[in-house]
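The next block holds one structure in the form of structure tokens; read it before the comments.
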Amino acid sequence: MNQAARGSLLGIEHLGAENIMGLLKLARRMNPLKPRPLLRGKRVLLLFYEASTRTRSSFEIAAKSLGAMTTLVLSSGSSIEKGESLLDTGYTLRAVGADAIVIRHPQAGAAALMARYLDIPVINAGDGMHEHPSQALLDAYTILRHKKALKGLQVAIVGDIYHSRVARSAIHLLSKFGARITLCGPPEFLPDTALTLAPGLHIVRTVEDAVHGADVIMTLRVQKERLAGTKISLQDYVARYQMNMARLKLAKKDAMLMHPGPIIRGLELTWEVADCAQSAIVEEVRNGVPVRMAILAKALGKAG
Ligand code: NCD
């Protein structure tokens, strides 16, 4: 990790609290509606080996709002399909003039590997089941628009925690700032080893216990693409863990309902919950742009 190119953002686990706060403060000064040419002349390569809508479009809009050029490379339709290795693709993108690479990849550690061998910042836009640091930052940013501080906040994370890089990064970030985190999900999605991610985590088995008195409820998509070999009944999941209005009412009156997207209505949450007044789902997406502007500005040394 230490050898990664300067400016890289690989995960939240090894990021200091002051760096996190610095990025969140910088994001508050970023406004995509008032473009600033901070990154004029820079080239940001978006390299996506996995599907993405929010992350990809908001990194692109963030880069362009700062005056950078962007190029999108997808695994389908590129030489990756012909068998080119991750590092060779990285060297190629560097050679065509990339100043930074934003990468999403199905394998944990892919962004870190690239950052170790390239001399430009690498930003992890999701590596397998490992981390999704920009999502954790935009979620913290969103929470702090509504709550005074993260310290002491009661946060319930519900659903497919095991397969979720969003949950992993959120747990690292929120626990660094003293949030009280409760994890809830079926045993297949929540092994006891989850408790080793950070100190002070709790596991509860009923969603009612998890959301009771919560300030923030984070729901997660069931990661069907990572379920190979798991025998989980989605019907059972809906009955026991789906967020519905009755369950949401057990949380604090002003509790925020979050979800990183894409949401699958009728599975991890009901239509009514997705669209209710407490839902911050659309706001999370919107906040992704200034947060990613801050990440890119910082990565390319233009944070001033
Ligand atoms: C998440 C991801 O890709 O990890 N999506 C996102 O970036 N907002 C969550 C998911 O796919 O369920």
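Going through the structure tokens in order, the chains are called A, B, and so on, while each chain numbers its residues from 1 and the ligands are numbered from 1 in the order shown.
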DSSP alpha helix (DSSP H) residues within range 6-242 of chain A, as a ChimeraX atom specification: /A:17-28,54-65,86-95,110-117,133-146,165-176,207-211,234-241
Please tabulate, as a tab-separated table, the residues of range 42-125 of chain A that come within 12 Å of range 19-36 of chain A, each with its closest pair of atoms and the distance in Å to one decimal, counting only C-alpha atoms and ordering rows by chain, then residue number upward.
residue	atom	partner	partner_atom	distance
A:Ser58	CA	A:Pro32	CA	10.1
A:Phe59	CA	A:Pro32	CA	11.4
A:Glu60	CA	A:Pro32	CA	11.3
A:Ile61	CA	A:Pro32	CA	7.9
A:Ala62	CA	A:Pro32	CA	6.9
A:Ala63	CA	A:Pro32	CA	9.7
A:Lys64	CA	A:Pro35	CA	8.2
A:Ser65	CA	A:Pro35	CA	4.7
A:Leu66	CA	A:Arg36	CA	5.0
A:Gly67	CA	A:Arg36	CA	6.7
A:Ala68	CA	A:Arg36	CA	10.0
Would you write out those residues with all heavy atoms, as a JSON list (two decimals), in the first residue's frame?
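That gives us part-v2.json:
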[["chain", "number", "residue", "atom", "x", "y", "z"],
["A", 58, "SER", "N", -20.69, 9.54, -12.45],
["A", 58, "SER", "CA", -20.34, 10.66, -11.57],
["A", 58, "SER", "C", -18.84, 10.93, -11.57],
["A", 58, "SER", "O", -18.43, 12.09, -11.48],
["A", 58, "SER", "CB", -20.89, 10.47, -10.16],
["A", 58, "SER", "OG", -20.42, 9.28, -9.61],
["A", 59, "PHE", "N", -18.00, 9.91, -11.74],
["A", 59, "PHE", "CA", -16.56, 10.19, -11.88],
["A", 59, "PHE", "C", -16.32, 10.97, -13.18],
["A", 59, "PHE", "O", -15.51, 11.90, -13.21],
["A", 59, "PHE", "CB", -15.74, 8.90, -11.89],
["A", 59, "PHE", "CG", -15.15, 8.55, -10.54],
["A", 59, "PHE", "CD1", -15.49, 7.37, -9.89],
["A", 59, "PHE", "CD2", -14.25, 9.41, -9.90],
["A", 59, "PHE", "CE1", -14.96, 7.05, -8.64],
["A", 59, "PHE", "CE2", -13.71, 9.10, -8.65],
["A", 59, "PHE", "CZ", -14.07, 7.92, -8.03],
["A", 60, "GLU", "N", -17.04, 10.60, -14.22],
["A", 60, "GLU", "CA", -16.85, 11.29, -15.50],
["A", 60, "GLU", "C", -17.31, 12.74, -15.41],
["A", 60, "GLU", "O", -16.61, 13.67, -15.83],
["A", 60, "GLU", "CB", -17.60, 10.54, -16.61],
["A", 60, "GLU", "CG", -17.42, 11.21, -17.96],
["A", 60, "GLU", "CD", -17.85, 10.34, -19.14],
["A", 60, "GLU", "OE1", -18.17, 9.15, -18.94],
["A", 60, "GLU", "OE2", -17.85, 10.86, -20.27],
["A", 61, "ILE", "N", -18.48, 12.95, -14.84],
["A", 61, "ILE", "CA", -19.00, 14.32, -14.71],
["A", 61, "ILE", "C", -18.11, 15.13, -13.76],
["A", 61, "ILE", "O", -17.83, 16.31, -14.01],
["A", 61, "ILE", "CB", -20.48, 14.29, -14.29],
["A", 61, "ILE", "CG1", -21.31, 13.79, -15.48],
["A", 61, "ILE", "CG2", -20.96, 15.66, -13.82],
["A", 61, "ILE", "CD1", -22.75, 13.51, -15.18],
["A", 62, "ALA", "N", -17.63, 14.48, -12.71],
["A", 62, "ALA", "CA", -16.74, 15.17, -11.76],
["A", 62, "ALA", "C", -15.47, 15.63, -12.48],
["A", 62, "ALA", "O", -15.05, 16.79, -12.36],
["A", 62, "ALA", "CB", -16.39, 14.24, -10.61],
["A", 63, "ALA", "N", -14.87, 14.73, -13.25],
["A", 63, "ALA", "CA", -13.62, 15.07, -13.95],
["A", 63, "ALA", "C", -13.87, 16.21, -14.94],
["A", 63, "ALA", "O", -13.10, 17.18, -15.00],
["A", 63, "ALA", "CB", -13.09, 13.83, -14.68],
["A", 64, "LYS", "N", -14.96, 16.11, -15.68],
["A", 64, "LYS", "CA", -15.26, 17.13, -16.69],
["A", 64, "LYS", "C", -15.61, 18.46, -16.05],
["A", 64, "LYS", "O", -15.30, 19.52, -16.60],
["A", 64, "LYS", "CB", -16.37, 16.65, -17.62],
["A", 64, "LYS", "CG", -15.86, 15.57, -18.57],
["A", 64, "LYS", "CD", -16.90, 15.11, -19.55],
["A", 64, "LYS", "CE", -16.23, 14.28, -20.65],
["A", 64, "LYS", "NZ", -17.12, 13.28, -21.20],
["A", 65, "SER", "N", -16.27, 18.42, -14.89],
["A", 65, "SER", "CA", -16.61, 19.67, -14.18],
["A", 65, "SER", "C", -15.35, 20.40, -13.73],
["A", 65, "SER", "O", -15.40, 21.59, -13.44],
["A", 65, "SER", "CB", -17.48, 19.39, -12.96],
["A", 65, "SER", "OG", -18.64, 18.70, -13.34],
["A", 66, "LEU", "N", -14.24, 19.68, -13.63],
["A", 66, "LEU", "CA", -12.97, 20.31, -13.23],
["A", 66, "LEU", "C", -12.09, 20.57, -14.46],
["A", 66, "LEU", "O", -10.91, 20.92, -14.32],
["A", 66, "LEU", "CB", -12.24, 19.41, -12.22],
["A", 66, "LEU", "CG", -12.94, 19.28, -10.86],
["A", 66, "LEU", "CD1", -12.23, 18.22, -10.01],
["A", 66, "LEU", "CD2", -12.96, 20.61, -10.13],
["A", 67, "GLY", "N", -12.64, 20.37, -15.63],
["A", 67, "GLY", "CA", -11.90, 20.71, -16.86],
["A", 67, "GLY", "C", -11.01, 19.62, -17.40],
["A", 67, "GLY", "O", -10.28, 19.84, -18.36],
["A", 68, "ALA", "N", -11.05, 18.42, -16.80],
["A", 68, "ALA", "CA", -10.20, 17.32, -17.29],
["A", 68, "ALA", "C", -10.85, 16.66, -18.51],
["A", 68, "ALA", "O", -12.05, 16.78, -18.73],
["A", 68, "ALA", "CB", -10.00, 16.28, -16.18]]
Env. residues ligand 1 / 7 Å / only C-alpha atoms and all ligand atoms / as a list of chain:residue names: A:Ser52, A:Arg54, A:Thr55, A:Gly126, A:His132, A:Gln135, A:Ser164, A:Arg165, A:Val166, A:Leu220, A:Arg221, A:Val222, A:Gln223, A:Pro260, A:Gly261, A:Pro262
Kindly export the residues of the current selection with N, CA, C and O atoms, as a CSV table (one decimal), in the first residue's frame.
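Here's the written file again.csv:
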chain,number,residue,atom,x,y,z
A,52,SER,N,-21.5,-0.5,-14.1
A,52,SER,CA,-21.6,0.6,-13.3
A,52,SER,C,-22.4,1.7,-13.9
A,52,SER,O,-22.3,1.9,-15.2
A,54,ARG,N,-23.9,4.7,-11.6
A,54,ARG,CA,-23.7,5.9,-10.8
A,54,ARG,C,-22.2,6.2,-10.7
A,54,ARG,O,-21.8,7.4,-10.9
A,55,THR,N,-21.4,5.3,-10.3
A,55,THR,CA,-20.0,5.5,-10.0
A,55,THR,C,-19.3,6.0,-11.3
A,55,THR,O,-18.6,7.0,-11.3
A,126,GLY,N,-14.1,0.4,-6.8
A,126,GLY,CA,-14.7,-0.9,-6.4
A,126,GLY,C,-13.9,-2.0,-6.8
A,126,GLY,O,-13.7,-2.2,-8.0
A,132,HIS,N,-14.8,0.1,-1.6
A,132,HIS,CA,-15.4,1.1,-2.5
A,132,HIS,C,-15.3,2.5,-1.8
A,132,HIS,O,-16.3,3.0,-1.3
A,135,GLN,N,-17.6,5.6,-2.4
A,135,GLN,CA,-19.0,5.4,-2.0
A,135,GLN,C,-19.1,5.7,-0.5
A,135,GLN,O,-20.0,6.4,0.0
A,164,SER,N,-20.5,-7.3,0.1
A,164,SER,CA,-20.6,-5.8,-0.2
A,164,SER,C,-19.3,-5.0,0.1
A,164,SER,O,-19.0,-4.8,1.3
A,165,ARG,N,-18.6,-4.5,-0.9
A,165,ARG,CA,-17.5,-3.6,-0.7
A,165,ARG,C,-18.0,-2.3,-0.2
A,165,ARG,O,-17.3,-1.6,0.5
A,166,VAL,N,-19.3,-2.0,-0.4
A,166,VAL,CA,-19.8,-0.7,0.1
A,166,VAL,C,-19.9,-0.8,1.6
A,166,VAL,O,-19.5,0.1,2.4
A,220,LEU,N,-28.6,-2.8,1.5
A,220,LEU,CA,-27.6,-3.2,0.5
A,220,LEU,C,-28.3,-4.1,-0.6
A,220,LEU,O,-29.2,-4.8,-0.2
A,221,ARG,N,-27.8,-4.0,-1.8
A,221,ARG,CA,-28.3,-4.9,-2.8
A,221,ARG,C,-27.8,-6.3,-2.5
A,221,ARG,O,-26.7,-6.5,-2.1
A,222,VAL,N,-28.7,-7.3,-2.8
A,222,VAL,CA,-28.2,-8.7,-2.8
A,222,VAL,C,-27.4,-8.9,-4.0
A,222,VAL,O,-27.8,-8.7,-5.1
A,223,GLN,N,-26.1,-9.3,-3.8
A,223,GLN,CA,-25.1,-9.3,-4.9
A,223,GLN,C,-25.2,-10.6,-5.7
A,223,GLN,O,-24.4,-11.5,-5.5
A,260,PRO,N,-26.8,2.2,-1.6
A,260,PRO,CA,-25.8,2.7,-2.6
A,260,PRO,C,-26.3,2.6,-4.0
A,260,PRO,O,-25.7,3.3,-4.9
A,261,GLY,N,-27.4,1.9,-4.3
A,261,GLY,CA,-27.8,1.6,-5.6
A,261,GLY,C,-26.9,0.6,-6.3
A,261,GLY,O,-25.8,0.4,-5.9
A,262,PRO,N,-27.4,-0.1,-7.3
A,262,PRO,CA,-28.7,0.0,-7.8
A,262,PRO,C,-29.7,-0.7,-6.9
A,262,PRO,O,-29.4,-1.7,-6.3
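Among the candidates A:Ser79, A:Thr193, A:Ser233, A:Thr182, the residue lying nearest to Asp209 in chain A is A:Thr182 (atoms considered: only C-alpha atoms).
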Nearby residues (only C-alpha atoms) at most 8 Å from Gly213 in chain A, same-chain spacing under 2 positions excluded, as a ChimeraX atom specification: /A:154,211,215,250-252
Could you write out that same residue set with all heavy atoms as a compact mmCIF listing (two decimals), in the first residue's frame?
# COMPACT_ATOMS: atom_id res chain seq x y z
N GLN A 154 -26.18 6.00 15.70
CA GLN A 154 -26.51 4.57 15.65
C GLN A 154 -26.83 4.18 14.21
O GLN A 154 -27.80 4.66 13.63
CB GLN A 154 -27.70 4.30 16.56
CG GLN A 154 -27.82 2.83 16.89
CD GLN A 154 -28.83 2.58 17.98
OE1 GLN A 154 -28.86 3.29 18.98
NE2 GLN A 154 -29.65 1.57 17.77
N VAL A 211 -32.85 -2.15 13.48
CA VAL A 211 -33.28 -0.78 13.14
C VAL A 211 -33.84 -0.03 14.35
O VAL A 211 -33.96 1.19 14.31
CB VAL A 211 -34.30 -0.74 11.98
CG1 VAL A 211 -33.73 -1.38 10.74
CG2 VAL A 211 -35.61 -1.39 12.35
N ASP A 215 -30.32 5.86 13.83
CA ASP A 215 -30.29 7.18 13.18
C ASP A 215 -30.14 7.03 11.67
O ASP A 215 -30.58 7.88 10.91
CB ASP A 215 -29.07 7.99 13.67
CG ASP A 215 -29.14 8.28 15.14
OD1 ASP A 215 -29.99 9.08 15.54
OD2 ASP A 215 -28.34 7.67 15.90
N LEU A 250 -39.59 1.64 13.25
CA LEU A 250 -38.93 1.30 14.52
C LEU A 250 -37.68 2.14 14.74
O LEU A 250 -37.16 2.23 15.85
CB LEU A 250 -38.54 -0.18 14.52
CG LEU A 250 -39.69 -1.19 14.39
CD1 LEU A 250 -39.13 -2.59 14.20
CD2 LEU A 250 -40.57 -1.13 15.63
N ALA A 251 -37.19 2.76 13.68
CA ALA A 251 -36.00 3.61 13.81
C ALA A 251 -36.42 4.97 14.36
O ALA A 251 -37.61 5.22 14.59
CB ALA A 251 -35.36 3.78 12.43
N LYS A 252 -35.42 5.85 14.60
CA LYS A 252 -35.77 7.20 15.07
C LYS A 252 -36.64 7.89 14.01
O LYS A 252 -36.54 7.60 12.83
CB LYS A 252 -34.50 8.01 15.29
CG LYS A 252 -33.65 7.49 16.43
CD LYS A 252 -33.01 8.64 17.21
CE LYS A 252 -32.22 8.09 18.38
NZ LYS A 252 -30.79 7.94 18.12
Between CA of Leu269 in chain A and CA of Arg205 in chain A, distance in Å (one decimal): 17.4 Å
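When only C-alpha atoms are used to compute distances to Glu268 in chain A, the closest of the residues A:Pro290, A:Met245, A:Thr219, A:Asp236 turns out to be A:Thr219.
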